[in-house]
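Coordinates as given in run.csv (CSV, C-alpha atoms and all ligand atoms):
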```csv
chain,number,residue,atom,x,y,z
A,1,MET,CA,23.0,21.5,-38.4
A,2,LYS,CA,21.3,18.4,-39.6
A,3,LYS,CA,18.5,16.7,-37.7
A,4,PHE,CA,19.9,15.7,-34.3
A,5,ASN,CA,18.6,12.8,-32.2
A,6,ILE,CA,20.6,12.2,-29.2
A,7,ASN,CA,19.2,8.7,-28.5
A,8,SER,CA,20.4,7.5,-31.9
A,9,LEU,CA,23.9,8.5,-31.0
A,10,VAL,CA,24.1,7.0,-27.5
A,11,ARG,CA,24.9,3.3,-27.0
A,12,LYS,CA,21.7,1.3,-26.6
A,13,ASN,CA,22.6,-0.1,-23.2
A,14,ILE,CA,23.2,3.4,-21.9
A,15,VAL,CA,20.0,4.8,-23.2
A,16,LYS,CA,18.3,2.2,-21.0
A,17,LEU,CA,20.5,2.6,-18.0
A,18,GLN,CA,19.1,3.9,-14.8
A,19,PRO,CA,21.4,6.2,-12.8
A,20,TYR,CA,22.4,5.3,-9.3
A,21,ILE,CA,20.5,7.7,-7.2
A,22,SER,CA,21.7,8.6,-3.7
A,23,PHE,CA,18.5,9.0,-1.8
A,24,ARG,CA,19.7,11.6,0.6
A,25,ASP,CA,21.2,13.7,-2.1
A,26,HIS,CA,18.0,13.8,-4.0
A,27,ASN,CA,15.6,14.7,-1.2
A,28,GLU,CA,15.3,17.6,1.2
A,29,PHE,CA,15.7,16.9,4.9
A,30,ASN,CA,16.0,19.3,7.9
A,31,ALA,CA,18.1,17.3,10.4
A,32,PRO,CA,18.3,13.7,9.2
A,33,VAL,CA,19.7,10.9,11.3
A,34,LEU,CA,22.1,9.3,8.7
A,35,LEU,CA,22.0,5.6,9.2
A,36,ASP,CA,21.6,4.7,5.5
A,37,ALA,CA,25.1,4.5,4.0
A,38,ASN,CA,27.2,2.4,6.5
A,39,GLU,CA,29.4,5.4,7.3
A,40,CYS,CA,31.3,5.9,10.5
A,41,PRO,CA,29.4,8.3,12.8
A,42,PHE,CA,32.6,10.0,13.9
A,43,GLY,CA,35.1,12.1,12.1
A,44,GLU,CA,35.3,15.3,9.9
A,45,PHE,CA,35.1,13.7,6.5
A,46,ASN,CA,33.0,10.7,7.6
A,47,ARG,CA,30.2,11.3,5.1
A,48,TYR,CA,30.1,10.5,1.4
A,49,PRO,CA,30.3,13.5,-0.8
A,50,ASP,CA,27.3,15.1,-2.4
A,51,SER,CA,26.9,12.8,-5.4
A,52,SER,CA,25.2,15.5,-7.5
A,53,GLN,CA,27.6,18.3,-6.5
A,54,LYS,CA,24.6,20.7,-6.1
A,55,LYS,CA,26.4,23.7,-4.6
A,56,LEU,CA,29.2,23.6,-7.1
A,57,LYS,CA,26.8,23.3,-10.0
A,58,ASN,CA,24.7,26.1,-8.8
A,59,LYS,CA,27.7,28.4,-8.4
A,60,LEU,CA,29.1,27.5,-11.9
A,61,ALA,CA,25.6,27.9,-13.4
A,62,SER,CA,25.4,31.5,-12.3
A,63,LEU,CA,29.0,32.2,-13.4
A,64,LYS,CA,28.5,30.6,-16.8
A,65,ASN,CA,24.9,31.7,-17.4
A,66,LEU,CA,23.7,28.2,-17.8
A,67,SER,CA,21.3,25.9,-15.9
A,68,PRO,CA,22.8,23.5,-13.3
A,69,ALA,CA,21.3,20.7,-15.4
A,70,GLN,CA,23.7,21.7,-18.2
A,71,ILE,CA,26.8,21.0,-16.0
A,72,ALA,CA,28.6,17.7,-15.2
A,73,ILE,CA,31.5,17.6,-12.9
A,74,GLY,CA,34.3,15.1,-13.2
A,75,ASN,CA,37.3,13.8,-11.4
A,76,GLY,CA,39.4,16.0,-13.7
A,77,SER,CA,38.2,16.6,-17.3
A,78,ASP,CA,40.1,13.3,-18.0
A,79,GLU,CA,37.2,11.4,-16.4
A,80,LEU,CA,34.7,13.3,-18.5
A,81,ILE,CA,36.6,12.4,-21.7
A,82,ASP,CA,36.4,8.7,-20.7
A,83,LEU,CA,32.7,8.9,-19.8
A,84,ILE,CA,31.9,10.7,-23.1
A,85,ILE,CA,33.6,8.0,-25.1
A,86,LYS,CA,31.8,5.3,-23.1
A,87,ILE,CA,28.4,6.9,-23.6
A,88,PHE,CA,28.6,7.3,-27.4
A,89,CYS,CA,31.0,4.7,-28.6
A,90,GLU,CA,30.2,1.0,-29.0
A,91,PRO,CA,33.4,-1.0,-28.2
A,92,LYS,CA,35.0,-2.6,-31.2
A,93,LYS,CA,32.6,-0.8,-33.5
A,94,ASP,CA,32.6,3.0,-33.2
A,95,ALA,CA,35.5,5.5,-33.9
A,96,ILE,CA,36.6,8.8,-32.6
A,97,LEU,CA,38.3,11.6,-34.6
A,98,MET,CA,41.1,13.7,-33.1
A,99,MET,CA,43.5,16.3,-34.4
A,100,ASN,CA,47.1,15.1,-34.8
A,101,PRO,CA,49.1,16.2,-32.9
A,102,SER,CA,46.7,16.8,-30.0
A,103,PHE,CA,46.0,15.7,-26.4
A,104,ALA,CA,46.9,12.0,-26.0
A,105,MET,CA,44.1,11.1,-23.6
A,106,TYR,CA,41.4,11.0,-26.3
A,107,GLY,CA,43.3,8.2,-28.0
A,108,PHE,CA,44.1,6.6,-24.6
A,109,TYR,CA,40.5,6.3,-23.4
A,110,ALA,CA,39.3,5.3,-26.9
A,111,ALA,CA,41.9,2.4,-26.8
A,112,VAL,CA,40.7,1.4,-23.3
A,113,ASN,CA,37.2,1.2,-24.7
A,114,GLU,CA,38.4,-0.6,-27.9
A,115,ASN,CA,37.4,2.2,-30.2
A,116,GLU,CA,39.3,3.1,-33.3
A,117,VAL,CA,41.1,6.5,-33.3
A,118,VAL,CA,41.0,8.3,-36.6
A,119,LYS,CA,43.7,11.0,-36.7
A,120,LEU,CA,43.4,14.2,-38.7
A,121,ASP,CA,46.9,15.5,-39.5
A,122,LEU,CA,47.3,19.2,-38.9
A,123,ASP,CA,49.1,21.4,-41.5
A,124,GLU,CA,52.5,23.0,-41.0
A,125,ASN,CA,50.9,25.8,-38.9
A,126,PHE,CA,49.1,23.1,-36.8
A,127,GLU,CA,45.7,24.0,-38.4
A,128,ILE,CA,43.0,21.5,-39.5
A,129,VAL,CA,42.8,21.1,-43.3
A,130,LYS,CA,39.1,21.4,-43.9
A,131,ASP,CA,39.1,19.3,-47.0
A,132,ASP,CA,40.8,16.5,-45.1
A,133,PHE,CA,38.1,16.8,-42.4
A,134,LEU,CA,35.3,16.7,-44.9
A,135,LYS,CA,36.8,13.7,-46.7
A,136,VAL,CA,37.3,11.6,-43.6
A,137,THR,CA,33.9,12.4,-42.2
A,138,GLN,CA,32.2,11.6,-45.5
A,139,GLU,CA,34.1,8.3,-45.9
A,140,ARG,CA,33.1,6.8,-42.6
A,141,GLN,CA,30.9,7.2,-39.6
A,142,ILE,CA,32.6,8.8,-36.6
A,143,LYS,CA,30.9,9.3,-33.3
A,144,ILE,CA,32.9,12.0,-31.6
A,145,PHE,CA,35.3,14.7,-32.8
A,146,PHE,CA,37.6,16.0,-30.1
A,147,LEU,CA,38.6,19.6,-30.9
A,148,CYS,CA,41.2,20.8,-28.6
A,149,SER,CA,41.4,24.7,-28.5
A,150,PRO,CA,43.9,26.0,-27.6
A,151,ASN,CA,45.4,22.7,-28.7
A,152,ASN,CA,47.9,20.8,-26.5
A,153,PRO,CA,50.8,20.4,-27.4
A,154,THR,CA,50.8,23.0,-30.3
A,155,GLY,CA,49.4,26.0,-28.3
A,156,ASN,CA,47.3,27.5,-31.1
A,157,SER,CA,43.5,27.8,-31.1
A,158,VAL,CA,41.2,26.1,-33.7
A,159,LYS,CA,39.9,28.6,-36.2
A,160,ASP,CA,36.3,28.6,-37.4
A,161,ILE,CA,35.0,26.0,-34.9
A,162,GLU,CA,31.5,26.4,-36.2
A,163,PHE,CA,32.5,25.0,-39.6
A,164,PHE,CA,33.4,21.7,-37.9
A,165,ILE,CA,30.2,21.6,-35.8
A,166,GLN,CA,28.0,22.3,-38.8
A,167,ASN,CA,29.6,19.6,-41.0
A,168,PHE,CA,29.6,16.8,-38.5
A,169,ASP,CA,26.8,14.4,-37.6
A,170,GLY,CA,28.2,13.2,-34.3
A,171,ILE,CA,29.2,14.8,-31.0
A,172,VAL,CA,31.8,17.7,-31.1
A,173,VAL,CA,33.8,18.0,-27.9
A,174,ILE,CA,35.6,21.3,-27.5
A,175,ASP,CA,38.3,20.8,-25.0
A,176,GLU,CA,39.0,24.2,-23.4
A,177,ALA,CA,41.6,23.2,-20.8
A,178,TYR,CA,43.6,26.4,-21.7
A,179,ILE,CA,40.8,28.8,-22.6
A,180,GLU,CA,41.6,31.2,-19.7
A,181,PHE,CA,45.0,32.0,-21.3
A,182,SER,CA,43.5,32.8,-24.7
A,183,GLU,CA,41.6,35.8,-26.0
A,184,ASN,CA,39.1,33.7,-27.8
A,185,ARG,CA,35.6,33.2,-26.7
A,186,SER,CA,34.5,30.0,-25.1
A,187,GLY,CA,32.4,27.5,-27.0
A,188,ILE,CA,29.9,27.7,-24.2
A,189,GLU,CA,28.1,30.4,-26.1
A,190,LEU,CA,27.5,27.9,-29.0
A,191,LEU,CA,25.6,25.5,-26.8
A,192,ALA,CA,22.3,27.3,-27.2
A,193,GLN,CA,22.6,26.8,-31.0
A,194,TYR,CA,24.1,23.4,-31.3
A,195,PRO,CA,22.8,20.4,-29.4
A,196,ASN,CA,25.7,18.2,-30.4
A,197,VAL,CA,28.4,20.2,-28.6
A,198,ILE,CA,30.1,19.5,-25.3
A,199,VAL,CA,32.5,22.0,-23.9
A,200,LEU,CA,35.2,20.7,-21.4
A,201,GLN,CA,37.0,23.0,-19.0
A,202,THR,CA,39.2,22.2,-16.0
A,203,PHE,CA,40.4,23.6,-12.7
A,204,SER,CA,43.8,22.0,-13.3
A,205,LYS,CA,45.5,24.7,-15.4
A,206,ALA,CA,44.6,28.4,-14.9
A,207,TRP,CA,42.9,27.8,-11.6
A,208,GLY,CA,46.0,26.2,-10.1
A,209,THR,CA,44.3,23.1,-8.5
A,210,ALA,CA,45.5,20.2,-10.6
A,211,GLY,CA,45.8,18.2,-7.4
A,212,ALA,CA,42.1,18.5,-6.6
A,213,ARG,CA,41.1,16.7,-9.8
A,214,VAL,CA,38.0,18.7,-10.9
A,215,GLY,CA,36.9,19.3,-14.4
A,216,THR,CA,33.6,20.4,-15.9
A,217,ALA,CA,31.5,19.5,-18.9
A,218,TYR,CA,28.9,22.0,-20.3
A,219,ALA,CA,26.3,20.7,-22.8
A,220,SER,CA,22.6,20.2,-23.4
A,221,GLU,CA,20.5,18.9,-20.4
A,222,GLU,CA,20.1,15.6,-22.4
A,223,ILE,CA,23.8,15.0,-22.8
A,224,ILE,CA,24.5,16.0,-19.2
A,225,ARG,CA,21.9,13.5,-18.0
A,226,PHE,CA,23.8,10.7,-19.7
A,227,ILE,CA,27.1,11.8,-18.1
A,228,ASN,CA,25.5,11.9,-14.7
A,229,THR,CA,24.0,8.5,-15.3
A,230,VAL,CA,27.3,6.7,-16.1
A,231,LYS,CA,29.6,8.5,-13.7
A,232,ALA,CA,30.7,6.9,-10.5
A,233,PRO,CA,28.2,8.2,-7.8
A,234,TYR,CA,30.9,9.8,-5.6
A,235,ASN,CA,33.3,10.8,-8.3
A,236,VAL,CA,34.3,14.1,-6.8
A,237,ASN,CA,35.4,14.0,-3.2
A,238,THR,CA,34.1,16.4,-0.5
A,239,LEU,CA,37.5,18.2,0.0
A,240,SER,CA,37.7,19.0,-3.7
A,241,GLN,CA,34.1,20.2,-3.9
A,242,GLU,CA,34.7,22.5,-1.0
A,243,LEU,CA,38.0,23.7,-2.3
A,244,ILE,CA,36.6,24.7,-5.7
A,245,LEU,CA,33.6,26.3,-4.2
A,246,ASN,CA,35.8,28.5,-2.0
A,247,LEU,CA,38.0,29.3,-5.0
A,248,LEU,CA,34.9,30.4,-7.1
A,249,GLU,CA,34.0,32.9,-4.4
A,250,ASP,CA,37.2,34.8,-5.1
A,251,GLU,CA,37.3,35.7,-8.8
A,252,ASN,CA,40.5,37.7,-8.3
A,253,LYS,CA,42.4,34.5,-7.7
A,254,LEU,CA,42.0,33.3,-11.3
A,255,LYS,CA,42.7,36.8,-12.7
A,256,GLU,CA,45.9,36.9,-10.7
A,257,ASN,CA,47.1,33.5,-11.9
A,258,VAL,CA,46.3,34.3,-15.5
A,259,GLU,CA,47.9,37.8,-15.4
A,260,ASN,CA,51.1,36.3,-13.8
A,261,VAL,CA,51.3,33.5,-16.3
A,262,LEU,CA,50.7,35.8,-19.3
A,263,LYS,CA,53.3,38.3,-18.0
A,264,GLU,CA,55.9,35.5,-17.6
A,265,ARG,CA,54.8,34.1,-21.0
A,266,GLU,CA,55.8,37.5,-22.6
A,267,TRP,CA,59.1,37.6,-20.7
A,268,LEU,CA,60.0,34.1,-21.9
A,269,LYS,CA,59.0,34.9,-25.4
A,270,GLU,CA,61.5,37.8,-25.5
A,271,GLU,CA,64.2,35.7,-23.8
A,272,PHE,CA,63.8,32.8,-26.3
A,273,LYS,CA,64.8,35.2,-29.1
A,274,LYS,CA,68.3,35.4,-27.6
A,275,ILE,CA,68.9,31.7,-27.5
A,276,ASP,CA,71.0,30.0,-30.2
A,277,CYS,CA,69.7,26.4,-29.9
A,278,ILE,CA,66.2,27.5,-30.6
A,279,GLU,CA,65.0,27.4,-34.2
A,280,LYS,CA,61.4,28.5,-33.8
A,281,VAL,CA,58.9,29.4,-31.1
A,282,PHE,CA,55.4,28.6,-32.3
A,283,PRO,CA,52.6,31.1,-31.4
A,284,THR,CA,50.7,30.2,-28.3
A,285,ASP,CA,47.3,30.9,-26.7
A,286,ALA,CA,48.1,28.7,-23.7
A,287,ASN,CA,50.4,28.6,-20.7
A,288,PHE,CA,53.1,26.7,-22.6
A,289,PHE,CA,55.3,27.0,-25.7
A,290,LEU,CA,56.0,24.5,-28.4
A,291,ILE,CA,59.6,25.2,-29.4
A,292,LYS,CA,61.5,23.7,-32.3
A,293,MET,CA,65.2,23.2,-31.4
A,294,ARG,CA,68.0,22.9,-33.8
A,295,ASP,CA,68.8,19.6,-32.0
A,296,GLY,CA,65.8,18.6,-29.9
A,297,LYS,CA,67.3,15.5,-28.4
A,298,LYS,CA,70.4,17.3,-27.2
A,299,VAL,CA,68.5,20.2,-25.7
A,300,TYR,CA,66.0,17.9,-24.0
A,301,GLU,CA,68.7,15.8,-22.4
A,302,LYS,CA,70.8,18.7,-21.4
A,303,MET,CA,67.8,20.3,-19.6
A,304,LEU,CA,67.1,17.0,-17.9
A,305,GLU,CA,70.6,16.7,-16.7
A,306,GLU,CA,70.1,20.1,-15.0
A,307,GLU,CA,66.8,18.8,-13.6
A,308,VAL,CA,64.7,21.1,-15.8
A,309,LEU,CA,61.8,18.8,-16.8
A,310,THR,CA,60.1,19.5,-20.1
A,311,SER,CA,58.0,17.5,-22.5
A,312,GLN,CA,59.8,16.1,-25.5
A,313,ARG,CA,57.4,15.9,-28.5
A,314,ALA,CA,59.7,14.1,-31.0
A,315,PRO,CA,59.3,11.9,-32.9
A,316,ALA,CA,55.7,13.0,-33.4
A,317,ILE,CA,56.8,16.6,-33.9
A,318,PRO,CA,60.5,16.4,-34.8
A,319,ASN,CA,63.0,18.4,-32.7
A,320,CYS,CA,60.1,20.0,-30.7
A,321,ILE,CA,59.8,20.4,-27.0
A,322,ARG,CA,56.8,21.7,-25.0
A,323,ILE,CA,57.7,23.9,-22.1
A,324,ASN,CA,55.2,25.5,-19.8
A,325,VAL,CA,55.5,28.8,-18.1
A,326,GLY,CA,56.8,28.7,-14.5
A,327,THR,CA,57.6,31.2,-11.8
A,328,ARG,CA,60.2,33.9,-12.7
A,329,GLU,CA,62.7,31.9,-10.7
A,330,GLU,CA,62.0,28.7,-12.6
A,331,ASN,CA,61.9,30.6,-16.0
A,332,GLU,CA,65.3,32.1,-15.2
A,333,LYS,CA,66.8,28.7,-14.5
A,334,LEU,CA,65.3,27.4,-17.8
A,335,ILE,CA,66.8,30.4,-19.7
A,336,ASN,CA,70.2,29.9,-18.1
A,337,VAL,CA,70.3,26.3,-19.0
A,338,LEU,CA,69.2,27.0,-22.6
A,339,LYS,CA,71.9,29.7,-22.9
A,340,GLY,CA,74.5,27.2,-21.9
A,341,ILE,CA,73.7,24.9,-24.8
A,342,ALA,CA,75.6,25.6,-28.0
A,343,SER,CA,73.5,25.4,-31.1
B,401,LIG,C1,45.6,19.2,-19.0
B,401,LIG,C2,44.6,18.9,-19.9
B,401,LIG,C3,43.3,18.5,-19.5
B,401,LIG,C4,43.0,18.5,-18.1
B,401,LIG,O1,42.8,17.3,-17.5
B,401,LIG,P1,42.3,17.2,-16.0
B,401,LIG,O2,41.9,15.8,-16.0
B,401,LIG,O3,41.1,18.2,-15.8
B,401,LIG,O4,43.4,17.6,-15.1
B,401,LIG,C5,42.3,18.3,-20.4
B,401,LIG,N1,42.6,18.5,-21.7
B,401,LIG,C6,43.7,18.9,-22.2
B,401,LIG,C7,43.9,19.2,-23.6
B,401,LIG,C8,44.8,19.1,-21.3
B,401,LIG,O5,45.9,19.6,-21.8
```
When written as structure tokens, how does the structure in this file appear?
Ligand SMILES: *Cc1c(COP(=O)(O)O)cnc(C)c1O
Amino acid sequence: MKKFNINSLVRKNIVKLQPYISFRDHNEFNAPVLLDANECPFGEFNRYPDSSQKKLKNKLASLKNLSPAQIAIGNGSDELIDLIIKIFCEPKKDAILMMNPSFAMYGFYAAVNENEVVKLDLDENFEIVKDDFLKVTQERQIKIFFLCSPNNPTGNSVKDIEFFIQNFDGIVVIDEAYIEFSENRSGIELLAQYPNVIVLQTFSKAWGTAGARVGTAYASEEIIRFINTVKAPYNVNTLSQELILNLLEDENKLKENVENVLKEREWLKEEFKKIDCIEKVFPTDANFFLIKMRDGKKVYEKMLEEEVLTSQRAPAIPNCIRINVGTREENEKLINVLKGIAS
């Protein structure tokens, strides 16, 4: 790792920015009379949420073996992607790097912020070509590299992540939205070694609470301070904070979800082998499959007709459809529809 100075990477206006501090959230009181925030004095959810999400961060810190100051919580990890781009990328000037194909939201938020998106085409096994990575990062300055592992929509994990961290001067974001379904270790353990890494996780996938909109960023205290500075003060609502806190008390819930999904993933994998219209099922470390059909358009439309909604990946990945694992009943319906499609 080369010399790393966070302030030289952050946009100048953001280095200077003072965070909005909610006075009551940053001081200790015993039984305060709350007349400071123009709230209604009646009602169950009449108060603004804890802007610093203290309880949630303390709980996550103990589970992840980090300090609470190394954790930022977002309105989904989508919000954190947006904030990370805003912190480091000067509009109309800086660029981000992403794998291609990968999660569309990196490109989306970069476009909103008027940052160029440099795409690193993956090889036929959806792996990064190291020489291409070295070439593009030597040719031009890039602020953020979004590494999605396991990658959406391809399902495979990025190999040799440390190589990319060691050979990159900017910020490396490891998006682990699907890490719970994979046997690989989390990038969180790299944080102690690499001050330029941010790990994103989410409660939207394995935890089963996409509707609550809660995602997490783990990084150095310096980086987390910037995220906390630019975020909307009340970005995570009270209901969601409480829901996730309760969820974290019961570790079996996650285990149960993951075991069920992995069991169904195995079942589907076997069933797919018997289906004529499928050309290839790509290996997956996530809760979905990328599948190459003999005629992707036909299969996608036939499924849609039967109200089985899947994600068509053509033209970016020709003839490919991304299908996530459902309940046994849903999976059976999927298989029945696929069986009815002639190749
Ligand atoms: C689903 C997904 C997310 C999760 O986004 P949330 O905003 O937390 O729901 C993040 N990254 C990737 C790659 C995803 O597929």
| task | Check every protein, DNA and RNA residue against ligand LIG 401 (chain B), keep those with an atom at most 10 Å away (counting all atoms listed in the file), and present them as a PyMOL selection string. | result | chain A and resi 74-81+102-106+146-153+155+174-178+200-205+209-216+286
| task | Name the closest residue to Ser51 of chain A among the candidates A:Val15, A:Val172, A:Ala232, A:Leu122; distances are taken between atoms, counting only C-alpha atoms. | result |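 For Ser51 of chain A, the nearest of the given residues is A:Ala232.
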| request: Go through A:Lys298, A:Arg47, A:Lys143, A:Lys55 one by one, measure the shortest atom-to-atom distance of each to Asn246 of chain A using only C-alpha atoms, and give the residue with the smallest value. | output: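 Of all the options, A:Lys55 lies closest to Asn246 of chain A.
Of note, atom CA of Leu290 of chain A and atom CA of Asn324 of chain A are spaced 8.7 Å apart.
Using only C-alpha atoms, the shortest contact distance between Asp94 of chain A and any of A:Gln141, A:Gly107, A:Gln70, A:Glu305 is found at A:Gln141.
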| query | Interatomic distance between atom CA of Val230 of chain A and atom CA of Pro19 of chain A? | reply | 6.8 Å
| query | Taking only C-alpha atoms into account, which of A:Phe145, A:Asn65, A:Trp207, A:Lys57 comes nearest Asn252 of chain A? | reply |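 Between A:Phe145, A:Asn65, A:Trp207, A:Lys57, the residue approaching Asn252 of chain A most closely is A:Trp207.
The two atoms in question, atom CA of Phe168 of chain A and atom CA of Phe226 of chain A, are spaced 20.6 Å apart.
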| remark: For Leu60 of chain A, the closest of A:Ala217, A:Glu189, A:Glu329, A:Asn319 counting only C-alpha atoms is A:Ala217
| task | For Leu254 of chain A, work out the shell of residues within 9 Å, counting all atoms listed in the file and skipping chain neighbours fewer than 4 positions away, then give it as a PyMOL selection string. | result | chain A and resi 180+206-208+247-248+250+258-259
Within 9 Å of segment 277-285 of chain A, which residues of segment 157-186 of chain A show up? Give each one with its shortest atom-to-atom distance in Å (one decimal) and the two atoms involved, counting all atoms listed in the file, rows by chain then rising residue number, as CSV.
```
residue,atom,partner,partner_atom,distance
A:Ser157,CA,A:Asp285,CA,6.6
A:Tyr178,CA,A:Asp285,CA,7.7
A:Ile179,CA,A:Asp285,CA,8.0
A:Phe181,CA,A:Asp285,CA,6.0
A:Ser182,CA,A:Asp285,CA,4.7
A:Glu183,CA,A:Asp285,CA,7.5
A:Asn184,CA,A:Asp285,CA,8.7
```
List every residue of segment 41-99 of chain A that has an atom at most 10 Å from any atom of segment 219-222 of chain A, and for each one report the closest atom pair and its distance in Å to one decimal, counting only C-alpha atoms, with rows sorted by chain and then by increasing residue number, as CSV.
```
residue,atom,partner,partner_atom,distance
A:Leu66,CA,A:Ala219,CA,9.4
A:Ser67,CA,A:Glu221,CA,8.4
A:Pro68,CA,A:Glu221,CA,8.8
A:Ala69,CA,A:Glu221,CA,5.4
A:Gln70,CA,A:Glu221,CA,4.8
A:Ile71,CA,A:Ala219,CA,6.8
A:Ala72,CA,A:Ala219,CA,8.5
```
Take the residues from that selection and put them in a file with C-alpha atoms, as a PDB file, in the coordinates of the input.
```pdb
ATOM      1  CA  LEU A  66      23.700  28.200 -17.800  1.00  0.00           C
ATOM      2  CA  SER A  67      21.300  25.900 -15.900  1.00  0.00           C
ATOM      3  CA  PRO A  68      22.800  23.500 -13.300  1.00  0.00           C
ATOM      4  CA  ALA A  69      21.300  20.700 -15.400  1.00  0.00           C
ATOM      5  CA  GLN A  70      23.700  21.700 -18.200  1.00  0.00           C
ATOM      6  CA  ILE A  71      26.800  21.000 -16.000  1.00  0.00           C
ATOM      7  CA  ALA A  72      28.600  17.700 -15.200  1.00  0.00           C
TER       8      ALA A  72
END
```
| Residue nearest Ile317 of chain A - candidates A:Leu245, A:Met293, A:Val173, A:Ala37, atoms counted: all atoms listed in the file | A:Met293
Exercise: Phe4 of chain A partners within 9 Å, all atoms listed in the file, chain neighbours under 5 positions left out, as a PDB file with C-alpha atoms, keeping the file's coordinate frame:
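Ended up saving to around18.pdb:
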```pdb
ATOM      1  CA  LEU A   9      23.900   8.500 -31.000  1.00  0.00           C
ATOM      2  CA  ASP A 169      26.800  14.400 -37.600  1.00  0.00           C
ATOM      3  CA  GLY A 170      28.200  13.200 -34.300  1.00  0.00           C
ATOM      4  CA  PRO A 195      22.800  20.400 -29.400  1.00  0.00           C
ATOM      5  CA  ASN A 196      25.700  18.200 -30.400  1.00  0.00           C
TER       6      ASN A 196
END
```
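The neighbours of Val129 of chain A here are the residues that come within 12 Å of it, using all atoms listed in the file and leaving out any residue fewer than 2 positions away in the same chain; they are Met99, Asn100, Leu120, Asp121, Leu122, Asp123, Glu124, Asn125, Phe126, Glu127, Asp131, Asp132, Phe133, Leu134, Lys135, Val136, Val158, Lys159, Asp160, Phe163 and Phe164 of chain A.
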Restricting it to C-alpha atoms, dump the selection as an mmCIF file, keeping the file's coordinate frame.
```
data_model
loop_
_atom_site.group_PDB
_atom_site.id
_atom_site.type_symbol
_atom_site.label_atom_id
_atom_site.label_comp_id
_atom_site.auth_asym_id
_atom_site.auth_seq_id
_atom_site.Cartn_x
_atom_site.Cartn_y
_atom_site.Cartn_z
ATOM 1 C CA MET A 99 43.500 16.300 -34.400
ATOM 2 C CA ASN A 100 47.100 15.100 -34.800
ATOM 3 C CA LEU A 120 43.400 14.200 -38.700
ATOM 4 C CA ASP A 121 46.900 15.500 -39.500
ATOM 5 C CA LEU A 122 47.300 19.200 -38.900
ATOM 6 C CA ASP A 123 49.100 21.400 -41.500
ATOM 7 C CA GLU A 124 52.500 23.000 -41.000
ATOM 8 C CA ASN A 125 50.900 25.800 -38.900
ATOM 9 C CA PHE A 126 49.100 23.100 -36.800
ATOM 10 C CA GLU A 127 45.700 24.000 -38.400
ATOM 11 C CA ASP A 131 39.100 19.300 -47.000
ATOM 12 C CA ASP A 132 40.800 16.500 -45.100
ATOM 13 C CA PHE A 133 38.100 16.800 -42.400
ATOM 14 C CA LEU A 134 35.300 16.700 -44.900
ATOM 15 C CA LYS A 135 36.800 13.700 -46.700
ATOM 16 C CA VAL A 136 37.300 11.600 -43.600
ATOM 17 C CA VAL A 158 41.200 26.100 -33.700
ATOM 18 C CA LYS A 159 39.900 28.600 -36.200
ATOM 19 C CA ASP A 160 36.300 28.600 -37.400
ATOM 20 C CA PHE A 163 32.500 25.000 -39.600
ATOM 21 C CA PHE A 164 33.400 21.700 -37.900
#
```
